[in-house]
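Here is the structure we will look at.
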Amino acid sequence: MSSAKDKDEVAQTPSTPKHVYKDPDDGRQRFLLELEFVQCLANPTYIHYLAQNRYFEDEAFIGYLKYLQYWQQPEYIKFIMYPHCLFFLELLQNANFRNAMAHPGSKELAHRQQFFFWKNYRNNRLKHIVPRPLPEPVARPAPVPPPPPVPAATAAAVPALSPMQYGAPPGSALPKGDMRNSGGDRRKRKKEG
């Protein structure tokens with residue numbers, strides 16, 4: 001009798017369920033769905049949509065977001081095409097961020113900051129990655145001798161020119177070869193001829 005009783009106890013223990021669920025595709029479908037959802041989190045507009053529709057008020061959904069943090073492990077991160085999704089997934093663990101994303105202004109701010117990051121990412125990264133060549137020593141030019149001193153009598157005789165007078169010699173409004181001057185002469189010739 002003890003052997004029949006032992007068989008009944010083994011069959012009824014919770015550690016050995018009768019029917020074990022086995023994915024028909026070995027979890028491939030689940031992997032793809034979770035990957036797609038995680039990558040959607042790279043879009044601030046989608047996060048705003050989730051906040052507006054009160055997904056962040058559901059404790060099961062918050063738990064799901066915590067569960068999805070396994071995507072930050074090296075064996076999974078190699079499948080991520082939009083790395084900002086992991087940044088936003090980390091921010092979504094904070095209740096203040098989840099509440100703030102319900103407001104359109106916060107969505108726009110996140111979107112703008114993301115744009116500026118993308119715009120300047122390459123240049124900022126190149127500053128730190130590409131080794132800069134060492135500056136070559138610059139040959140110092142020979143010192144220029146100071147100009148000869150000007151006698152005081154000649155310095156007082158030359159009138160100082162205003163900045164506007166440097167373009168044309170004193171006494172003429174426009175030089176004769178100036179294009180602004182030639183247009184008027186051409187009109188006079190047409191009328192005369």
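The chains in the structure tokens are called A, B, ... from first to last as shown; in each chain the residues are counted from 1, and the ligands are counted from 1 in the order shown.
Around Leu91 of chain A, within 12 Å and counting only C-alpha atoms, the residues found are Leu41, Ala42, Pro44, Ile47, Leu65, Lys66, Gln69, His84, Cys85, Leu86, Phe87, Phe88, Leu89, Gln93, Asn94, Ala95, Asn96, Phe97, Arg98, Asn99, Ala100, Met101 and Ala110 of chain A, once anything fewer than 2 positions away on its own chain is removed.
Coordinates place atom CA of Phe37 of chain A at a distance of 16.2 Å from atom CA of Asn53 of chain A.
Here atom CA of Gln39 of chain A stands at a distance of 6.1 Å from atom CA of Tyr82 of chain A.
Atom pair atom CA of Ile62 of chain A / atom CA of Val38 of chain A has a distance of 13.4 Å (rounded to one decimal).
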(request) Choose the residue, out of A:Asn120, A:Gln113, A:Val144, A:Pro104, that has the smallest atom-to-atom separation from Thr45 of chain A; count only C-alpha atoms. (result) A:Pro104
(message) With only C-alpha atoms as the counted atoms, please give the residues lying no more than 9 Å from His103 of chain A, apart from itself and same-chain residues fewer than 6 positions off, as a list in words.
(response) His48, Ala51 and Gln52 of chain A
